[in-house]
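Asker: My file is coords07.csv. It has CSV, C-alpha atoms:
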chain,number,residue,atom,x,y,z
A,1,MET,CA,0.0,0.0,0.0
A,2,ILE,CA,1.4,3.3,-1.1
A,3,GLY,CA,1.4,5.9,1.7
A,4,LEU,CA,2.7,9.2,2.8
A,5,THR,CA,6.2,7.8,3.6
A,6,HIS,CA,6.7,6.6,0.0
A,7,TYR,CA,6.1,10.1,-1.4
A,8,LEU,CA,8.2,11.8,1.3
A,9,VAL,CA,11.2,9.5,0.6
A,10,LEU,CA,10.8,10.1,-3.2
A,11,SER,CA,10.6,13.8,-2.6
A,12,GLY,CA,13.8,13.6,-0.4
A,13,ILE,CA,15.6,11.7,-3.1
A,14,LEU,CA,14.6,14.2,-5.8
A,15,PHE,CA,15.6,17.2,-3.5
A,16,THR,CA,19.0,15.6,-2.8
A,17,ILE,CA,19.7,15.0,-6.4
A,18,GLY,CA,18.9,18.6,-7.2
A,19,LEU,CA,21.0,19.8,-4.3
A,20,TYR,CA,24.0,17.8,-5.4
A,21,GLY,CA,23.7,19.2,-8.9
A,22,ALA,CA,23.2,22.8,-7.7
A,23,LEU,CA,26.3,22.6,-5.5
A,24,ALA,CA,28.6,20.7,-7.9
A,25,LYS,CA,27.9,22.0,-11.4
A,26,ARG,CA,29.8,24.8,-13.1
A,27,ASN,CA,27.4,25.8,-15.9
A,28,ALA,CA,24.9,28.4,-14.6
A,29,VAL,CA,22.1,27.0,-16.8
A,30,GLY,CA,22.7,23.6,-15.3
A,31,ILE,CA,22.5,25.0,-11.8
A,32,LEU,CA,19.2,26.6,-12.7
A,33,MET,CA,17.9,23.2,-13.9
A,34,CYS,CA,18.9,21.6,-10.7
A,35,LEU,CA,17.1,24.4,-8.7
A,36,GLU,CA,13.9,23.5,-10.6
A,37,LEU,CA,14.4,19.9,-9.5
A,38,MET,CA,14.6,21.0,-5.9
A,39,LEU,CA,11.4,23.1,-6.1
A,40,ASN,CA,9.6,20.2,-7.8
A,41,ALA,CA,10.5,17.9,-4.9
A,42,VAL,CA,9.2,20.4,-2.4
A,43,ASN,CA,5.9,20.7,-4.3
A,44,LEU,CA,5.6,16.9,-4.3
A,45,ALA,CA,6.0,16.8,-0.6
A,46,LEU,CA,3.4,19.5,-0.1
A,47,VAL,CA,0.8,17.8,-2.3
A,48,ALA,CA,1.5,14.4,-0.6
A,49,PHE,CA,0.9,15.9,2.8
A,50,SER,CA,-2.4,17.5,1.7
A,51,ARG,CA,-3.5,14.1,0.3
A,52,TYR,CA,-2.6,11.8,3.1
A,53,LEU,CA,-2.7,13.8,6.3
A,54,VAL,CA,-6.4,13.3,6.8
A,55,PRO,CA,-7.9,10.1,5.4
A,56,GLY,CA,-10.8,10.5,3.0
A,57,VAL,CA,-10.5,14.2,2.2
A,58,VAL,CA,-7.9,16.2,0.2
A,59,LEU,CA,-6.8,19.3,2.2
A,60,LEU,CA,-6.2,22.1,-0.2
A,61,THR,CA,-3.7,24.2,1.8
A,62,GLY,CA,-0.8,22.3,0.3
A,63,HIS,CA,-2.2,22.8,-3.1
A,64,VAL,CA,-2.4,26.6,-2.6
A,65,PHE,CA,1.2,26.6,-1.4
A,66,ALA,CA,2.3,24.5,-4.4
A,67,ILE,CA,0.6,27.0,-6.8
A,68,PHE,CA,2.6,29.9,-5.2
A,69,VAL,CA,5.8,27.9,-5.4
A,70,MET,CA,5.2,27.4,-9.1
A,71,VAL,CA,4.6,31.2,-9.6
A,72,VAL,CA,7.8,32.0,-7.8
A,73,ALA,CA,9.7,29.3,-9.7
A,74,ALA,CA,8.7,30.7,-13.0
A,75,ALA,CA,9.7,34.2,-11.9
A,76,GLU,CA,13.0,32.9,-10.6
A,77,VAL,CA,13.9,31.1,-13.8
A,78,ALA,CA,13.0,34.1,-15.9
A,79,ILE,CA,15.2,36.5,-13.9
A,80,GLY,CA,17.9,33.9,-13.5
A,81,LEU,CA,18.2,33.3,-17.2
A,82,ALA,CA,18.2,37.1,-17.8
A,83,ILE,CA,21.2,37.4,-15.5
A,84,VAL,CA,22.9,34.4,-17.2
A,85,LEU,CA,22.4,35.9,-20.6
A,86,THR,CA,23.7,39.3,-19.5
A,87,LEU,CA,26.7,37.6,-18.0
A,88,TYR,CA,27.3,35.7,-21.3
A,89,ARG,CA,27.0,38.9,-23.3
A,90,ARG,CA,29.5,40.8,-21.1
A,91,ARG,CA,32.1,38.1,-20.3
A,92,GLU,CA,31.5,35.3,-22.9
A,93,THR,CA,31.2,32.6,-20.2
A,94,VAL,CA,28.5,31.0,-18.1
A,95,ASP,CA,31.0,29.2,-15.8
A,96,VAL,CA,30.3,30.1,-12.2
A,97,GLU,CA,33.9,29.4,-11.2
A,98,LYS,CA,35.1,32.1,-13.5
A,99,THR,CA,32.5,34.5,-12.3
A,100,ASN,CA,34.1,35.9,-9.2
A,101,LEU,CA,33.8,39.6,-9.7
A,102,MET,CA,31.8,40.2,-6.5
A,103,LYS,CA,33.8,37.8,-4.4
A,104,TRP,CA,35.3,39.4,-1.3
B,1,MET,CA,-2.7,-2.6,-6.9
B,2,GLY,CA,-2.9,-0.5,-10.0
B,3,ILE,CA,-1.9,2.6,-8.0
B,4,SER,CA,1.1,0.8,-6.6
B,5,VAL,CA,2.3,-0.2,-10.1
B,6,ALA,CA,1.8,3.3,-11.3
B,7,PHE,CA,3.6,4.8,-8.3
B,8,TRP,CA,6.7,2.6,-8.7
B,9,PHE,CA,6.7,3.2,-12.5
B,10,LEU,CA,6.5,7.0,-12.2
B,11,ALA,CA,9.0,7.0,-9.3
B,12,ALA,CA,11.5,5.0,-11.4
B,13,ILE,CA,11.1,7.4,-14.3
B,14,THR,CA,11.3,10.5,-12.1
B,15,VAL,CA,14.4,9.5,-10.2
B,16,LEU,CA,16.3,8.1,-13.2
B,17,SER,CA,15.6,11.2,-15.3
B,18,ALA,CA,16.6,13.5,-12.4
B,19,LEU,CA,19.9,11.5,-12.1
B,20,GLY,CA,20.3,12.0,-15.9
B,21,VAL,CA,19.9,15.8,-15.5
B,22,VAL,CA,22.7,15.9,-13.0
B,23,LEU,CA,25.1,13.3,-14.4
B,24,LEU,CA,24.8,13.8,-18.2
B,25,SER,CA,27.5,15.8,-19.8
B,26,ASN,CA,25.4,17.1,-22.7
B,27,LEU,CA,23.4,20.0,-21.4
B,28,PHE,CA,20.7,19.8,-24.1
B,29,ARG,CA,20.0,16.1,-23.4
B,30,ALA,CA,19.9,17.0,-19.7
B,31,ALA,CA,17.2,19.6,-20.4
B,32,LEU,CA,15.1,17.0,-22.3
B,33,LEU,CA,15.4,14.6,-19.4
B,34,LEU,CA,14.3,17.5,-17.1
B,35,VAL,CA,11.1,17.6,-19.2
B,36,LEU,CA,10.6,13.9,-18.6
B,37,CYS,CA,11.2,14.4,-14.9
B,38,PHE,CA,8.5,17.1,-14.8
B,39,LEU,CA,6.1,14.9,-16.6
B,40,GLY,CA,6.7,12.1,-14.0
B,41,VAL,CA,6.0,14.5,-11.2
B,42,ALA,CA,2.8,15.5,-13.0
B,43,GLY,CA,1.8,11.9,-13.0
B,44,MET,CA,2.4,11.8,-9.3
B,45,TYR,CA,0.0,14.7,-8.9
B,46,VAL,CA,-2.6,12.7,-10.7
B,47,LEU,CA,-2.1,9.8,-8.4
B,48,LEU,CA,-2.4,12.3,-5.4
B,49,ASN,CA,-5.8,13.5,-6.6
B,50,ALA,CA,-4.4,16.9,-7.6
B,51,ASP,CA,-5.8,17.3,-11.1
B,52,PHE,CA,-5.4,21.1,-11.4
B,53,LEU,CA,-1.8,21.0,-10.2
B,54,ALA,CA,-1.0,18.2,-12.7
B,55,VAL,CA,-2.3,20.3,-15.6
B,56,ALA,CA,-0.5,23.4,-14.2
B,57,GLN,CA,2.7,21.4,-13.8
B,58,ILE,CA,2.6,20.3,-17.5
B,59,LEU,CA,1.8,23.8,-18.7
B,60,ILE,CA,4.2,25.8,-16.5
B,61,TYR,CA,7.1,23.4,-15.9
B,62,ALA,CA,7.2,21.1,-18.9
B,63,GLY,CA,5.9,23.8,-21.2
B,64,ALA,CA,7.2,27.2,-20.3
B,65,ILE,CA,10.2,26.8,-18.0
B,66,SER,CA,11.8,24.0,-20.0
B,67,ILE,CA,11.4,26.0,-23.2
B,68,LEU,CA,13.1,29.0,-21.5
B,69,LEU,CA,16.0,26.8,-20.3
B,70,ILE,CA,16.4,25.3,-23.8
B,71,PHE,CA,16.5,28.8,-25.3
B,72,ALA,CA,19.2,29.8,-22.9
B,73,ILE,CA,21.2,26.6,-23.7
B,74,MET,CA,20.9,27.4,-27.4
B,75,ILE,CA,22.0,31.0,-27.0
B,76,THR,CA,25.0,30.3,-24.8
B,77,PRO,CA,27.0,27.8,-26.9
B,78,GLN,CA,28.8,26.2,-24.0
B,79,VAL,CA,26.6,23.3,-24.7
B,80,TYR,CA,29.4,21.9,-26.8
B,81,ARG,CA,31.8,22.2,-24.0
B,82,GLY,CA,29.5,20.1,-21.8
B,83,ASN,CA,28.2,20.4,-18.3
B,84,PRO,CA,31.2,19.6,-16.1
B,85,PHE,CA,31.5,19.2,-12.4
B,86,GLY,CA,33.3,21.9,-10.4
B,87,ARG,CA,35.8,21.8,-7.6
B,88,PHE,CA,33.1,21.1,-5.0
B,89,ARG,CA,32.0,17.7,-6.3
B,90,LEU,CA,33.1,15.6,-3.4
B,91,PRO,CA,31.9,18.0,-0.6
B,92,ALA,CA,28.6,18.4,-2.5
B,93,LEU,CA,28.3,14.6,-2.6
B,94,PHE,CA,29.0,14.4,1.1
B,95,ILE,CA,26.5,17.1,2.1
B,96,SER,CA,23.8,15.6,-0.2
B,97,GLY,CA,24.3,12.1,1.2
B,98,LEU,CA,24.0,13.5,4.7
B,99,MET,CA,20.8,15.3,3.8
B,100,LEU,CA,19.3,12.3,2.1
B,101,ALA,CA,20.0,10.1,5.2
B,102,ALA,CA,18.4,12.8,7.4
B,103,PHE,CA,15.3,13.0,5.1
B,104,ILE,CA,14.8,9.2,4.9
B,105,LEU,CA,15.3,8.8,8.7
B,106,ALA,CA,12.8,11.5,9.4
B,107,ALA,CA,10.3,10.2,6.9
B,108,LEU,CA,10.5,6.6,8.2
B,109,GLY,CA,10.9,7.4,11.9
B,110,THR,CA,8.1,9.9,12.4
B,111,HIS,CA,4.6,8.7,13.1
B,112,TRP,CA,2.5,10.8,10.7
B,113,SER,CA,-0.6,10.8,12.8
B,114,THR,CA,-3.8,11.3,10.8
B,115,SER,CA,-6.4,13.4,12.4
B,116,THR,CA,-9.8,15.0,11.7
B,117,PRO,CA,-9.5,18.0,9.4
B,118,PRO,CA,-9.5,21.5,11.0
B,119,ALA,CA,-12.9,23.1,10.5
B,120,ALA,CA,-11.7,26.1,8.6
B,121,ALA,CA,-9.3,24.3,6.3
B,122,PRO,CA,-10.4,24.2,2.6
B,123,GLN,CA,-10.9,20.6,1.5
B,124,ALA,CA,-12.2,18.4,-1.3
B,125,THR,CA,-13.6,15.0,-1.4
B,126,LEU,CA,-11.3,12.2,-2.4
B,127,GLY,CA,-11.8,11.0,-5.9
B,128,GLN,CA,-13.5,14.2,-7.1
B,129,SER,CA,-12.1,17.2,-8.9
B,130,THR,CA,-10.4,19.8,-6.8
B,131,VAL,CA,-10.8,22.7,-9.1
B,132,SER,CA,-13.9,24.3,-7.6
B,133,ALA,CA,-12.7,23.9,-4.0
B,134,LEU,CA,-9.3,25.2,-5.0
B,135,SER,CA,-10.8,28.3,-6.6
B,136,SER,CA,-12.7,29.1,-3.5
B,137,ALA,CA,-9.6,28.5,-1.4
B,138,LEU,CA,-7.8,31.0,-3.6
B,139,PHE,CA,-10.5,33.6,-4.3
B,140,GLY,CA,-13.2,33.0,-1.7
B,141,ARG,CA,-13.8,34.6,1.6
B,142,GLY,CA,-10.9,34.0,4.0
B,143,GLY,CA,-8.9,32.7,1.0
B,144,ALA,CA,-5.5,33.6,-0.4
B,145,LEU,CA,-6.6,36.6,-2.3
B,146,LEU,CA,-4.0,39.0,-1.0
B,147,PRO,CA,-1.0,36.7,-1.8
B,148,LEU,CA,-2.5,36.2,-5.3
B,149,GLU,CA,-2.5,39.9,-5.9
B,150,ILE,CA,1.1,40.2,-4.6
B,151,ALA,CA,2.0,37.3,-7.0
B,152,ALA,CA,0.6,39.4,-9.8
B,153,VAL,CA,2.8,42.4,-8.8
B,154,LEU,CA,5.8,40.0,-8.5
B,155,LEU,CA,5.2,38.8,-12.1
B,156,LEU,CA,5.0,42.4,-13.3
B,157,ALA,CA,8.2,43.3,-11.5
B,158,ILE,CA,9.9,40.2,-13.1
B,159,LEU,CA,8.7,41.2,-16.5
B,160,VAL,CA,10.1,44.7,-16.2
B,161,GLY,CA,13.3,43.5,-14.6
B,162,ALA,CA,14.0,40.9,-17.3
B,163,ILE,CA,13.5,43.6,-20.0
B,164,ALA,CA,15.7,46.1,-18.2
B,165,LEU,CA,18.5,43.5,-17.8
B,166,LEU,CA,18.5,42.4,-21.4
B,167,LYS,CA,18.0,45.7,-23.1
B,168,GLU,CA,20.7,46.7,-25.5
B,169,LYS,CA,22.6,49.8,-24.3
Please go through the file and, once you have read it, give me the structure as structure tokens.

Answerer:
Amino acid sequence: MIGLTHYLVLSGILFTIGLYGALAKRNAVGILMCLELMLNAVNLALVAFSRYLVPGVVLLTGHVFAIFVMVVAAAEVAIGLAIVLTLYRRRETVDVEKTNLMKW
Amino acid sequence: MGISVAFWFLAAITVLSALGVVLLSNLFRAALLLVLCFLGVAGMYVLLNADFLAVAQILIYAGAISILLIFAIMITPQVYRGNPFGRFRLPALFISGLMLAAFILAALGTHWSTSTPPAAAPQATLGQSTVSALSSALFGRGGALLPLEIAAVLLLAILVGAIALLKEK
């Protein structure tokens, strides 16, 4: 029987894969893709909670949260890609290890 | 029984394509696998009785966001130089493994007690469409109307900001 635990473990696995990619990658677009993976994992956990926390009904609080997470994710990827394209236009690279202008 | 089979099938697709996103060296193929991962999560939403969210996931993530990412990959031609790992590969692996262990221990060790729903919480019946209940949870009395308006302002600000960043001098 599939329960809440299955979905939470799956969401944890997805979040960890995304975290590993976001920390270890060098290409800025690849890092943005891994960030989207992490946000997806959080959404999955929210929806699983609202489905399984009370038997027989679907609580909608988690769904409302997931919708706002989607809105913010779309905004984040739009502005992130604008920054990446500006960076590429100025410095001909999207490698985050060569982008250390604002490093202390 | 059918739900179990569907869950394990979708879980395998989702996890394998997410691993492909991280491990593949060709960034374009990684973006295509990211679309597959989004579609797997949309299938999970269908299993979880979240029909509106499944459709929104396909439209926003698999449609809009992945197209934006693929455009960015095409415009920045480092796709031919691949998607290499940086200096922090081993520390990142260590931290991620630690977090995965913590997640799994917390998910398995906690007793997720089920209770009766709180009276004011918006809810839908299991097995029926959530769209009308979700719309009254967003727009109705006591709903999330103010955050919704703020989200509209956020999207406007993002639109102006992206144009201002990318405008030719």

Asker: Using Å and a single decimal, report how far atom CA of Ser17 of chain B sits from atom CA of Ala62 of chain B.

Answerer: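 Result for atom CA of Ala62 of chain B versus atom CA of Ser17 of chain B: 13.5 Å, one decimal.
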
Asker: Using only C-alpha atoms, which of B:Gly2, B:Ala102, B:Leu16, B:Leu23 sits nearest Arg89 of chain B?

Answerer: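 Going through B:Gly2, B:Ala102, B:Leu16, B:Leu23 one by one, the smallest distance to Arg89 of chain B is for B:Leu23.
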
Asker: Got a sec to pull out which chain B residues are within 7 Å of chain A, counting only C-alpha atoms, and send them as an NGL selection string?

Answerer: :B and (4 or 15 or 18-19 or 22 or 48 or 65 or 72-73 or 76 or 83-86 or 88-89 or 92-93 or 96 or 99-100 or 103-104 or 107-108 or 114-117 or 121-126 or 134 or 155 or 158 or 162 or 165-166)

Asker: Between atom CA of Ile58 of chain B and atom CA of Ala42 of chain B, what distance in Å does the model show, to one decimal?

Answerer: 6.6 Å

Asker: Could you check which of B:Leu24, B:Ala152, B:Val41, B:Ile163 is closest to Val42 of chain A, using only C-alpha atoms?

Answerer: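 Selected residue with least distance to Val42 of chain A: B:Val41.
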
Asker: Using Å and a single decimal, report how far atom CA of Leu34 of chain B sits from atom CA of Thr14 of chain B.

Answerer: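 Spanning atom CA of Thr14 of chain B to atom CA of Leu34 of chain B is a straight-line distance of 9.1 Å.
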
Asker: Would you compute the box with edges along x, y and z of the file around segment 152-156 of chain B, including every atom the file lists for it and 4 Å extra on each side, and give its centre and edge lengths in Å to one decimal, as lines of an AutoDock Vina configuration file?

Answerer:
center_x = 3.2
center_y = 40.6
center_z = -10.9
size_x = 13.2
size_y = 11.6
size_z = 12.8

Asker: Which is closest to Ile13 of chain B among B:Ala101, B:Leu36, B:Ala133, B:Leu156, if we use all atoms listed in the file?

Answerer: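 Between B:Ala101, B:Leu36, B:Ala133, B:Leu156, the residue approaching Ile13 of chain B most closely is B:Leu36.
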